[in-house]
Amino acid sequence: MATPPPGMPLPPGHELALIDRELAQLDLRRTYLLARRDWLLRLPAPAPVPAPAPNGWGARAAGSPARPQEASGPGAQNVLLTLGAVLLAVAALAFTLISWGSLGIAGRSAVLAVVTAAALGAPALLLRRGLRSTAESVAAVGLLLTVLDAYAVYAVAAPDAPATAYAAGAAAVLAALWAGYARALPRLLVPLPAAVLTAQLPLPLAAVAAAAGPAGTGWALLATAALDAALVLLVPGVRARAAVSGPAAVSAAVLGAAALLTGLAELVRAGSAGAAAGPALLLAAGAVLGVGVAWREPSATAASVAGGLAGVAALGGPLRPGLERDWAVVVFLLLALPLLAAVRAGALPAAVRRGLARAGAGVAALAALSALLPAVVALGLRVRVLGEVWAATTPTREAYGPGPAAAVTLLVAAGAAGWLARVLPRPEPGVVAVVLGWAGLFAAPLLCGLPVAAVLAAQLAVTAAAGVGAVRLGRAAGWAAAGYAAAACALVGALNLSVAALDGRTATFAVFALLGAGCAAGAARRPAALPVRAAAAALAVGYAAAVAAALGALRGLAASWWSLPLLAVVAAVAAAGPRLGRVRLPAEVAAGSAGAVALLLASWPWEPARAALVCALAGVVCAGAALRAERRALGWAAWALFLAATWIRLSASGVQVPEAYTLPVTLPALAVGFVRRRRDARASSWTAYGPGLGATLLPSLLAAWEDPHWPRPLLLGAAALAVTLLGAHRRLQAPLLLGGATLGAVALHELAPYVVQVADALPRWLPPALAGLLLLAVGATYEKRLRDARRLRAALGRLR
């Protein structure tokens, strides 16, 4: 039904429906309010609000917030109970240590017995009355009193007994008593954790008392850790497990780690296999304990890791004294490799499998790092060749430090990482395998002490293999990261090998030529990844430039003459540009870098004729490349190089006329401006012709002001007049203003002597008078214009 316009009554049917809906809503609201009223009537009567004091003290203003409660009831209760227990403990200590001597033996015994019995018995009564927190506090005081009882017994009954041995026995007795007390009153939380923590002391204290040495102390620590682990795994009952598992687990971890570190320290100090047998047995027991805990507890992966590491140390410890350090690392690595196989052992629990695999990976990583650092140092020492190139002073193997064991370690670790890369669907093991394998193979010939030629040949082969691997791995699914790692290794190897090859002439040409050819072949491999091909193309250009510079050095030429063969390489790359495909840009960037090096070499030592020749040839190369549409920007570089060559040549010839330097700039600039104006009619004359004209007119004007002769001002004035007339004819602002300003400056320069003479002949009062007349004239003109404006306004007013 359509709604009627405002002001008209609703149809009866529509109005009736609206009234029915309103009545239904009112009924629902009345029902809710009645139910709410009944609920409020059933509530207890509210407490009366105290009236404010007559004087207003203690009264709270209406609407002000209530004062926040600063402490809760349970919190205040715990504070009071804790303070009471502490005060009782202090009193007991004071009584035991200070006031003990004032009583006899019977009195002492009676006091301690009564107080201790009361403190230990009171919690039972308190628990029956529901005062659990008070019972906990009194029980803690009772436990402390048992410790004081033990001290009292030692001071009275056995003062001559060894303190450490007595402490071990007392700790065992107290732990047993507290455990029994916790069993008698299971609702108390303090006694059972206290018993567990006290139980950690008997065996280590007994070992110290028996002078068992580090090995005995380690066994005691390990046995205590085993008992703690048994408590965590075997204690029945949810409540007992909650009270025991936390302290026992922490104690097991701390004492087990201390035992393993003790065994490891003794193993390192052992000088023979027999001396290492005891610590190795301790480590083996720790390994069994760690793996056993992880077998029963799914969350104990750390225990499995510790067990795996301890097992490797136990097996390799007796063999270490008879081996060199580097070969001992190889042995430990070989012992750790079987642990990596745990990743595929489905029969083992998950915690054991993860822990053993991580332990094996950790040992392999440490071994690889210990071998990688010396290998890197050995390869880095090759930079000493740069101190005297082509001196044939290659260091011997002894100068590099480590032997072949480092290379063996790297290769074994690389094999393990490669196996993991095939098992695990992750890219990291593949990258590690590539890097370690390349490092081992690249450093092996050097660390094995092979002849120089054999070292260079082997490292060339390894570098080539890394490049081929980069191409193939980049195409394999899931191995892209490893392919990039292989490319990086090939790059690092090529650079290191290049530095080493500088030690001899033959090595330089052979290595640079082979590396350049290999990089060119890699750049041409279209299936390879584009970044790999780009890097190969840039390296190929760099090696070609290096060979060209080496040819110049071989002929005994000065460094500035090396620029010519470098420019030949740049020209070859520029000529082959369109045929380089997608690697054209990195190749041309490398060629540009070689050209920059050629320009720098042209000034060392400085010879103007040679420098001008190099700049001119470089300009020719840039101009040839700029003929292609996509390289038009190189035309600016060509113009700059030609200009530099011209200026250097003019300076070397003793030319001091500024126009000889500025006209080579002005003429091309004016030509470019003319072409731009033809192509774009919106280009202003200032952008088209201003730079070119300014480049010649300004230096020539400065030279003319300092020139006492007449030919230069005459020629400059004639040129400025021609520019001014041309600007007026073509209606170009830049030539008109620049030419006119130059012409005026030249005329002023010519009239300046006469102006000076006239100024000297005039009286001193004439210049101020002329200035005054000028100001009067300007003022009169301004007043006349204001008067005309007022007349115009009055005339417009009359038109209304």
# chains A, B, ... in the order shown; residues from 1 in each chain; ligands from 1
>>> residues_around(residues="region 412-419 of chain A", least_positions_apart="3", cutoff="12 Å", atoms="only C-alpha atoms", output="ChimeraX atom specification")
/A:329-341,343-344,357,360-372,405-409,422-441,479,482
>>> residues_around(residues="region 536-542 of chain A", least_positions_apart="5", cutoff="6 Å", atoms="only C-alpha atoms", output="PyMOL selection string")
chain A and resi 516+519-520+522-523+586-587+590
>>> write_last_selection(atoms="C-alpha atoms", output="PDB file, in the first residue's frame")
ATOM      1  CA  GLY A 516      87.443 -15.571 -19.947  1.00  0.00           C
ATOM      2  CA  CYS A 519      82.707 -17.128 -18.765  1.00  0.00           C
ATOM      3  CA  ALA A 520      81.906 -16.405 -22.410  1.00  0.00           C
ATOM      4  CA  GLY A 522      78.548 -19.620 -19.655  1.00  0.00           C
ATOM      5  CA  ALA A 523      77.041 -16.373 -20.921  1.00  0.00           C
ATOM      6  CA  PRO A 586      75.898  -6.343 -18.242  1.00  0.00           C
ATOM      7  CA  ALA A 587      78.496  -6.767 -20.983  1.00  0.00           C
ATOM      8  CA  ALA A 590      81.597  -4.021 -17.907  1.00  0.00           C
TER       9      ALA A 590
END
>>> residues_around(residues="Leu701 (chain A)", least_positions_apart="3", cutoff="10 Å", atoms="only C-alpha atoms", output="ChimeraX atom specification")
/A:696-698,704-707,712-713,716-717,742-743,745-746,749
>>> atom_distance(atom1="CA of Leu447 (chain A)", atom2="CA of Arg384 (chain A)")
17.1 Å
>>> closest_residue(among="A:Ile19, A:Tyr661, A:Ala594, A:Glu588", to="Ala546 (chain A)", atoms="only C-alpha atoms")
A:Ala594
>>> atom_distance(atom1="CA of Ala718 (chain A)", atom2="CA of Leu663 (chain A)")
16.0 Å
>>> select_by_dssp(residues="region 259-359 of chain A", states="alpha helix (DSSP H)", output="ChimeraX atom specification")
/A:259-269,273-296,301-316,325-340,350-359
>>> closest_residue(among="A:Gly286, A:Gly292, A:Pro608, A:Gly690", to="Leu650 (chain A)", atoms="only C-alpha atoms")
A:Pro608
>>> closest_residue(among="A:Ala458, A:Arg475, A:Pro531, A:Arg582", to="Val511 (chain A)", atoms="only C-alpha atoms")
A:Ala458
>>> residues_around(residues="region 211-214 of chain A", least_positions_apart="5", cutoff="10 Å", atoms="only C-alpha atoms", output="ChimeraX atom specification")
/A:204-206,219-220,259,262-263,265-266,279
>>> atom_distance(atom1="CA of Arg676 (chain A)", atom2="CA of Gly577 (chain A)")
28.2 Å
>>> residues_around(residues="Val570 (chain A)", least_positions_apart="6", cutoff="12 Å", atoms="only C-alpha atoms", output="compact mmCIF listing (two decimals) with N, CA and C atoms, in the first residue's frame")
# COMPACT_ATOMS: atom_id res chain seq x y z
N VAL A 541 83.99 -10.02 -20.26
CA VAL A 541 84.52 -8.73 -20.71
C VAL A 541 85.67 -8.28 -19.81
N GLY A 542 85.52 -8.48 -18.50
CA GLY A 542 86.59 -8.09 -17.59
C GLY A 542 87.87 -8.86 -17.84
N ALA A 544 88.77 -10.24 -20.68
CA ALA A 544 89.34 -9.79 -21.95
C ALA A 544 90.11 -8.48 -21.77
N ALA A 545 89.56 -7.56 -20.98
CA ALA A 545 90.27 -6.32 -20.70
C ALA A 545 91.55 -6.57 -19.92
N ALA A 546 91.50 -7.52 -18.96
CA ALA A 546 92.70 -7.83 -18.19
C ALA A 546 93.79 -8.42 -19.08
N ALA A 548 94.15 -7.81 -22.26
CA ALA A 548 94.66 -6.70 -23.08
C ALA A 548 95.65 -5.85 -22.30
N SER A 563 95.88 1.88 -22.27
CA SER A 563 94.53 2.33 -22.60
C SER A 563 94.12 1.91 -24.00
N LEU A 564 95.07 1.85 -24.93
CA LEU A 564 94.70 1.54 -26.32
C LEU A 564 94.16 0.12 -26.47
N ALA A 576 79.64 -5.67 -31.10
CA ALA A 576 78.87 -6.90 -30.99
C ALA A 576 77.60 -6.73 -30.17
N GLY A 577 77.26 -5.51 -29.77
CA GLY A 577 76.13 -5.28 -28.88
C GLY A 577 74.83 -5.93 -29.29
N ALA A 587 77.25 -6.82 -20.23
CA ALA A 587 78.50 -6.77 -20.98
C ALA A 587 78.90 -5.33 -21.29
N GLU A 588 77.94 -4.50 -21.69
CA GLU A 588 78.26 -3.10 -21.99
C GLU A 588 78.62 -2.32 -20.72
N VAL A 589 78.01 -2.67 -19.59
CA VAL A 589 78.41 -2.02 -18.33
C VAL A 589 79.85 -2.36 -17.99
N ALA A 590 80.21 -3.64 -18.15
CA ALA A 590 81.60 -4.02 -17.91
C ALA A 590 82.54 -3.33 -18.89
N ALA A 591 82.11 -3.21 -20.15
CA ALA A 591 82.94 -2.51 -21.13
C ALA A 591 83.08 -1.04 -20.77
N GLY A 592 81.99 -0.41 -20.30
CA GLY A 592 82.09 0.97 -19.86
C GLY A 592 83.06 1.13 -18.70
N SER A 593 83.06 0.17 -17.78
CA SER A 593 84.02 0.22 -16.67
C SER A 593 85.45 0.10 -17.19
N ALA A 594 85.66 -0.79 -18.17
CA ALA A 594 86.99 -0.90 -18.77
C ALA A 594 87.39 0.40 -19.47
N GLY A 595 86.42 1.05 -20.14
CA GLY A 595 86.73 2.34 -20.76
C GLY A 595 87.10 3.40 -19.73
N ALA A 596 86.40 3.42 -18.60
CA ALA A 596 86.75 4.37 -17.54
C ALA A 596 88.16 4.11 -17.03
N VAL A 597 88.52 2.82 -16.88
CA VAL A 597 89.89 2.49 -16.46
C VAL A 597 90.91 2.96 -17.50
N ALA A 598 90.55 2.82 -18.78
CA ALA A 598 91.46 3.29 -19.83
C ALA A 598 91.67 4.80 -19.75
N LEU A 599 90.61 5.56 -19.48
CA LEU A 599 90.76 7.01 -19.35
C LEU A 599 91.62 7.37 -18.14
N LEU A 617 89.81 8.59 -29.20
CA LEU A 617 89.43 7.22 -29.56
C LEU A 617 88.22 6.76 -28.76
N ALA A 618 88.18 7.11 -27.49
CA ALA A 618 87.01 6.75 -26.70
C ALA A 618 85.77 7.46 -27.22
N GLY A 619 85.92 8.70 -27.66
CA GLY A 619 84.79 9.40 -28.27
C GLY A 619 84.32 8.73 -29.53
N VAL A 620 85.25 8.23 -30.34
CA VAL A 620 84.87 7.52 -31.56
C VAL A 620 84.05 6.28 -31.22
N VAL A 621 84.50 5.54 -30.18
CA VAL A 621 83.76 4.33 -29.79
C VAL A 621 82.35 4.68 -29.34
N CYS A 622 82.22 5.73 -28.51
CA CYS A 622 80.89 6.14 -28.04
C CYS A 622 80.02 6.64 -29.18
N GLY A 624 80.23 5.70 -32.31
CA GLY A 624 79.79 4.54 -33.08
C GLY A 624 78.66 3.80 -32.40
N ALA A 625 78.72 3.67 -31.07
CA ALA A 625 77.62 3.00 -30.36
C ALA A 625 76.35 3.83 -30.38
